[in-house]
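For reference, coords-v8.tsv is printed below; it contains TSV, C-alpha atoms.
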chain	number	residue	atom	x	y	z
D	1	MET	CA	0.87	14.40	-32.89
D	2	ILE	CA	-0.04	14.44	-29.19
D	3	ASP	CA	2.61	15.63	-26.77
D	4	VAL	CA	2.02	12.94	-24.15
D	5	ARG	CA	4.12	14.66	-21.49
D	6	ALA	CA	2.26	17.95	-21.86
D	7	GLU	CA	-1.10	16.14	-21.87
D	8	LEU	CA	-0.27	14.21	-18.72
D	9	GLU	CA	1.00	17.30	-16.96
D	10	GLN	CA	-2.20	19.17	-17.85
D	11	ILE	CA	-4.42	16.31	-16.62
D	12	ILE	CA	-2.50	16.12	-13.35
D	13	ARG	CA	-2.85	19.85	-12.84
D	14	GLU	CA	-6.58	19.90	-13.70
D	15	GLN	CA	-7.40	17.01	-11.37
D	16	GLY	CA	-5.26	18.18	-8.47
D	17	GLU	CA	-3.07	15.09	-8.52
D	18	ASP	CA	0.67	15.01	-7.83
D	19	TYR	CA	3.65	13.27	-9.40
D	20	ALA	CA	4.75	11.24	-6.38
D	21	SER	CA	1.31	9.80	-5.62
D	22	LEU	CA	0.76	8.70	-9.21
D	23	SER	CA	4.22	7.15	-9.25
D	24	ARG	CA	3.33	5.12	-6.16
D	25	LEU	CA	0.06	4.08	-7.80
D	26	LEU	CA	2.19	2.46	-10.52
D	27	GLY	CA	4.50	0.83	-8.01
D	28	ARG	CA	7.37	3.03	-9.15
D	29	ASN	CA	9.80	5.25	-7.29
D	30	ALA	CA	8.35	8.59	-6.21
D	31	ALA	CA	10.17	10.56	-8.94
D	32	TYR	CA	9.08	8.36	-11.87
D	33	ILE	CA	6.28	10.56	-13.26
D	34	GLN	CA	8.19	13.79	-12.71
D	35	GLN	CA	11.20	12.39	-14.56
D	36	PHE	CA	9.00	11.24	-17.43
D	37	ILE	CA	7.39	14.66	-17.80
D	38	ARG	CA	10.33	16.93	-17.08
D	39	ARG	CA	13.34	14.90	-18.26
D	40	GLY	CA	11.86	12.54	-20.85
D	41	VAL	CA	12.93	9.42	-18.94
D	42	PRO	CA	11.63	6.91	-19.85
D	43	ARG	CA	11.06	7.90	-23.49
D	44	LYS	CA	7.51	6.52	-23.39
D	45	LEU	CA	5.20	5.08	-20.79
D	46	ASP	CA	5.10	1.35	-20.24
D	47	GLU	CA	1.86	-0.06	-21.67
D	48	ASP	CA	0.59	-1.30	-18.29
D	49	ASP	CA	1.50	2.01	-16.63
D	50	ARG	CA	-0.27	3.98	-19.36
D	51	ARG	CA	-3.41	1.87	-19.02
D	52	THR	CA	-3.41	2.20	-15.22
D	53	LEU	CA	-3.00	5.96	-15.40
D	54	ALA	CA	-5.73	6.37	-18.04
D	55	ARG	CA	-8.22	4.31	-16.05
D	56	TYR	CA	-7.40	5.99	-12.75
D	57	LEU	CA	-7.51	9.51	-14.20
D	58	GLY	CA	-10.65	8.75	-16.22
D	59	VAL	CA	-9.24	9.75	-19.61
D	60	ASP	CA	-9.00	8.14	-23.03
D	61	GLU	CA	-5.76	6.19	-23.26
D	62	ALA	CA	-5.04	7.95	-26.58
D	63	ARG	CA	-4.25	11.13	-24.62
D	64	LEU	CA	-1.34	9.25	-23.06
D	65	GLY	CA	-0.03	7.78	-26.29
D	66	GLY	CA	-2.18	4.65	-26.53
D	67	ARG	CA	-5.05	3.58	-28.76
D	68	SER	CA	-8.31	5.47	-28.58
D	69	GLU	CA	-11.09	3.63	-26.82
D	70	GLY	CA	-13.71	5.41	-28.91
D	71	GLY	CA	-14.26	8.40	-26.71
D	72	ALA	CA	-13.16	9.97	-23.50
D	73	ALA	CA	-13.69	7.92	-20.38
D	74	VAL	CA	-16.18	9.18	-17.86
D	75	ARG	CA	-15.27	8.86	-14.20
D	76	ASN	CA	-18.81	8.22	-13.07
D	77	SER	CA	-19.59	5.49	-15.58
D	78	ALA	CA	-19.75	1.88	-14.37
D	79	SER	CA	-16.76	0.83	-16.48
D	80	ALA	CA	-14.58	3.69	-15.27
D	81	SER	CA	-15.61	2.99	-11.70
D	82	ASP	CA	-14.66	-0.66	-12.01
D	83	ALA	CA	-11.32	0.18	-13.61
D	84	ALA	CA	-10.52	2.60	-10.78
D	85	MET	CA	-10.79	-0.14	-8.18
D	86	VAL	CA	-7.79	-1.80	-6.58
D	87	VAL	CA	-8.45	-5.47	-5.87
D	88	ILE	CA	-6.67	-6.60	-2.71
D	89	PRO	CA	-6.29	-10.26	-1.68
D	90	ARG	CA	-7.50	-11.36	1.74
D	91	LEU	CA	-5.14	-13.97	3.15
D	92	ALA	CA	-5.92	-16.88	5.46
D	93	VAL	CA	-3.30	-15.84	7.97
D	94	GLY	CA	-3.52	-13.83	11.15
D	95	ALA	CA	-1.01	-11.42	12.63
D	96	SER	CA	-0.98	-11.99	16.35
D	97	ALA	CA	-1.34	-9.07	18.75
D	98	GLY	CA	-0.34	-11.55	21.43
D	99	PRO	CA	2.20	-14.36	21.82
D	100	GLY	CA	2.55	-14.95	18.06
D	101	ALA	CA	0.71	-16.85	15.37
D	102	HIS	CA	2.34	-19.61	13.37
D	103	SER	CA	1.40	-20.20	9.74
D	104	ASP	CA	2.82	-22.44	7.06
D	105	GLY	CA	1.15	-20.69	4.16
D	106	GLU	CA	-0.76	-17.68	2.97
D	107	GLU	CA	-3.80	-19.04	1.17
D	108	GLU	CA	-5.98	-16.44	-0.51
D	109	THR	CA	-9.54	-16.67	0.82
D	110	GLY	CA	-11.07	-13.84	-1.18
D	111	ARG	CA	-10.58	-10.41	-2.68
D	112	ILE	CA	-11.82	-6.98	-1.69
D	113	GLY	CA	-12.04	-3.92	-3.94
D	114	PHE	CA	-11.05	-0.46	-2.76
D	115	ASP	CA	-11.22	2.83	-4.61
D	116	ALA	CA	-7.82	3.50	-6.21
D	117	ARG	CA	-7.78	7.16	-5.18
D	118	TRP	CA	-8.49	6.24	-1.57
D	119	VAL	CA	-5.67	3.69	-1.61
D	120	ARG	CA	-3.30	6.27	-3.04
D	121	ARG	CA	-4.19	8.69	-0.25
D	122	LEU	CA	-3.04	6.06	2.23
D	123	GLY	CA	0.43	6.47	0.69
D	124	ALA	CA	0.42	2.74	-0.08
D	125	ASN	CA	1.56	0.78	-3.11
D	126	PRO	CA	-1.54	-0.98	-4.56
D	127	ARG	CA	0.62	-3.78	-5.92
D	128	GLY	CA	1.95	-4.63	-2.46
D	129	LEU	CA	-1.24	-4.65	-0.39
D	130	SER	CA	-2.88	-7.60	1.29
D	131	MET	CA	-5.49	-7.91	4.02
D	132	ILE	CA	-5.11	-10.10	7.09
D	133	ALA	CA	-6.80	-10.42	10.47
D	134	VAL	CA	-5.53	-9.40	13.90
D	135	GLN	CA	-5.40	-12.08	16.59
D	136	GLY	CA	-5.20	-11.18	20.28
D	137	GLU	CA	-5.52	-8.01	22.35
D	138	SER	CA	-1.95	-6.78	22.95
D	139	MET	CA	-2.46	-3.88	20.52
D	140	ALA	CA	-5.81	-2.80	21.98
D	141	PRO	CA	-7.39	-0.33	21.78
D	142	THR	CA	-5.61	0.57	18.52
D	143	LEU	CA	-6.15	-2.91	17.06
D	144	ASN	CA	-8.57	-5.44	18.52
D	145	ASP	CA	-8.94	-9.17	18.05
D	146	GLY	CA	-10.66	-9.82	14.72
D	147	ASP	CA	-9.84	-6.46	13.15
D	148	ASP	CA	-8.86	-6.45	9.47
D	149	ILE	CA	-5.63	-4.67	8.56
D	150	LEU	CA	-4.16	-3.63	5.23
D	151	VAL	CA	-0.45	-4.39	5.04
D	152	ASP	CA	1.82	-2.74	2.48
D	153	ARG	CA	4.50	-5.35	1.80
D	154	THR	CA	6.55	-2.91	-0.27
D	155	ASP	CA	6.99	-0.69	2.79
D	156	GLY	CA	9.41	-2.72	4.87
D	157	ALA	CA	12.85	-2.63	6.42
D	158	GLU	CA	14.41	-0.48	3.69
D	159	ARG	CA	12.03	2.40	4.54
D	160	MET	CA	11.86	1.73	8.26
D	161	ARG	CA	10.44	4.45	10.49
D	162	ASP	CA	8.28	4.45	13.60
D	163	GLY	CA	4.86	2.87	13.02
D	164	ILE	CA	2.79	-0.31	13.25
D	165	TYR	CA	4.24	-3.25	11.35
D	166	VAL	CA	3.55	-6.91	10.70
D	167	MET	CA	6.73	-8.86	11.33
D	168	ARG	CA	8.05	-12.36	11.89
D	169	VAL	CA	10.02	-13.11	15.03
D	170	GLU	CA	11.19	-16.70	15.49
D	171	ASP	CA	8.68	-17.83	12.82
D	172	ALA	CA	5.77	-16.20	14.68
D	173	LEU	CA	3.75	-13.58	12.79
D	174	ILE	CA	2.97	-10.58	14.99
D	175	VAL	CA	1.66	-7.04	14.65
D	176	LYS	CA	3.23	-4.45	16.95
D	177	ARG	CA	4.27	-0.83	17.16
D	178	LEU	CA	7.91	-0.54	16.16
D	179	ALA	CA	10.42	2.22	16.84
D	180	VAL	CA	14.02	2.46	15.65
D	181	ASN	CA	16.83	3.67	17.91
D	182	PRO	CA	18.62	6.25	15.72
D	183	ALA	CA	21.95	5.65	17.45
D	184	THR	CA	22.14	1.84	17.53
D	185	ARG	CA	19.52	1.09	14.79
D	186	SER	CA	18.08	-1.52	17.16
D	187	TYR	CA	14.31	-2.02	17.34
D	188	ARG	CA	11.91	-1.38	20.18
D	189	ILE	CA	8.79	-3.48	19.73
D	190	ARG	CA	5.88	-2.18	21.77
D	191	SER	CA	2.33	-3.25	22.58
D	192	ASP	CA	-0.31	-0.52	22.83
D	193	ASN	CA	-2.04	-2.51	25.56
D	194	PRO	CA	-0.15	-1.60	28.79
D	195	ALA	CA	-0.83	-5.08	30.17
D	196	TRP	CA	1.66	-6.49	27.67
D	197	PRO	CA	5.44	-6.01	27.96
D	198	ASP	CA	7.65	-4.20	25.46
D	199	TRP	CA	10.74	-5.67	23.83
D	200	THR	CA	13.68	-3.29	23.82
D	201	ASP	CA	16.99	-3.29	21.93
D	202	CYS	CA	15.93	-6.03	19.53
D	203	ASP	CA	18.50	-7.05	16.94
D	204	PRO	CA	17.08	-6.19	13.46
D	205	ALA	CA	18.71	-9.34	12.11
D	206	LEU	CA	16.27	-11.39	14.20
D	207	VAL	CA	13.19	-9.53	12.96
D	208	GLU	CA	11.74	-10.02	9.47
D	209	ILE	CA	9.61	-7.02	8.53
D	210	VAL	CA	6.64	-8.18	6.44
D	211	GLY	CA	5.11	-4.75	5.84
D	212	ARG	CA	3.64	-1.61	7.31
D	213	VAL	CA	0.02	-1.46	8.50
D	214	VAL	CA	-1.66	1.38	6.61
D	215	TRP	CA	-5.34	0.88	7.55
D	216	ALA	CA	-7.53	-1.06	9.96
D	217	GLY	CA	-11.25	-1.84	9.97
D	218	ARG	CA	-13.53	-3.66	12.36
D	219	LYS	CA	-17.02	-5.02	12.71
D	220	MET	CA	-19.14	-2.97	15.08
D	221	ARG	CA	-20.29	-4.88	18.14

Structure re-expressed in structure tokens:
Amino acid sequence: MIDVRAELEQIIREQGEDYASLSRLLGRNAAYIQQFIRRGVPRKLDEDDRRTLARYLGVDEARLGGRSEGGAAVRNSASASDAAMVVIPRLAVGASAGPGAHSDGEEETGRIGFDARWVRRLGANPRGLSMIAVQGESMAPTLNDGDDILVDRTDGAERMRDGIYVMRVEDALIVKRLAVNPATRSYRIRSDNPAWPDWTDCDPALVEIVGRVVWAGRKMR
């Protein structure tokens, strides 16, 4: 009988992966995989988690306690490549780097696939990612009008630290650089463009954090 914990630990070691990153890939807390391997909690992997791990690591699911797929998976095969993609929705909503954009909904206009390993290296949760567009120039040159940004909606107020966030203020959706005052826990909301003013000592109760910006891309002009 296969020792699933020993198999998984060996695969992780051979492929240079780490417990915390794989846990985040599954949308779990950072200690999930380590606890499974070292403490036996949970007793067995959830079926969806096992399938995700097998596809991402490029191994037969039987090595992780599932059914054999008739042979070891090959990372470079088309099927393994497809399975290792994270499909991220693109939403018909813009985060304003300006006065603020108003939106009544978040219609999905398409989907974009990213390599799962690349997404993991961003430190993002694949299950919480969405792509939206930047509107305005208040965050230039860091973010320009029309840039696409990946927003991790699982990385919000509960993990707050200095960084660029999408947030709602008075129903307006904006993207700004946010810093937390360690003494008062108030927010400082800053524009990277010096032509735009900063907002200091903002009450966190008046700011809804949507998620942290983990990546940006733009069309070359």

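Closest to Ala95 in chain D among D:Val210, D:Met160, D:Ile2, D:Met220 is D:Val210, based on all atoms listed in the file.
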
Subject >> Separation of CA of Val134 in chain D from CA of Tyr187 in chain D in Å >> reply: 21.4 Å

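Comparing the minimum interatomic distances between Gln135 in chain D and each of D:Val119, D:Leu25, D:Ile33, D:Val93, counting only C-alpha atoms, we find that D:Val93 sits nearest.
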
For range 92-186 of chain D against range 42-57 of chain D, with a cut-off of 10 Å and counting all atoms listed in the file, what is the closest atom pair and its distance in Å to one decimal for every residue that makes the cut, ordered by chain and number, as JSON lines?
{"residue": "D:Asp115", "atom": "CA", "partner": "D:Tyr56", "partner_atom": "CA", "distance": 9.5}
{"residue": "D:Ala116", "atom": "CA", "partner": "D:Tyr56", "partner_atom": "CA", "distance": 7.0}
{"residue": "D:Arg117", "atom": "CA", "partner": "D:Tyr56", "partner_atom": "CA", "distance": 7.7}

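Within 12 Å of the point (-1.2, -1.1, 28.6) in file coordinates, and counting only C-alpha atoms, lie the residues Glu137, Ser138, Met139, Ala140, Pro141, Thr142, Arg190, Ser191, Asp192, Asn193, Pro194, Ala195, Trp196, Pro197 and Asp198 of chain D.
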
**OP:** Using all atoms listed in the file, pick whichever of D:Ala62, D:Leu26, D:Ile189, D:Ala183 has the shortest atom-to-atom distance to Ile164 in chain D.
**Re:**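 For Ile164 in chain D, the nearest of the given residues is D:Ile189.
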
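Using only C-alpha atoms, the contacts of Glu158 in chain D at a cut-off of 12 Å, with sequence neighbours closer than 3 positions omitted, comprise Arg153, Thr154, Asp155, Arg161, Pro204, Glu208, Ile209, Val210, Gly211 and Arg212 of chain D.
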
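Here CA of Ala92 in chain D and CA of Arg168 in chain D stand 16.0 Å from one another.
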
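Counting only C-alpha atoms, the residue from D:Ala20, D:Met167, D:Leu173, D:Ala216 that sits nearest to Gly146 in chain D is D:Ala216.
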
Original post:
So which residues touch Asp3 in chain D within 9 Å, counting all atoms listed in the file, skipping near sequence neighbours fewer than 3 positions away, as a VMD selection string?
Top reply: chain D and resid 6 to 8 63 to 65

**OP:** Record the distance separating CA of Arg39 in chain D and CA of Glu14 in chain D, expressed in Å with one decimal.
**Re:**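 Straight-line distance from CA of Arg39 in chain D to CA of Glu14 in chain D works out to 21.0 Å.
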
**OP:** Tell me, as a list of chain:residue names, which residues lie within 7 Å of Val214 in chain D, counting all atoms listed in the file; anything in the same chain fewer than 3 positions away does not count.
**Re:** D:Leu122, D:Leu150, D:Val151, D:Asp152
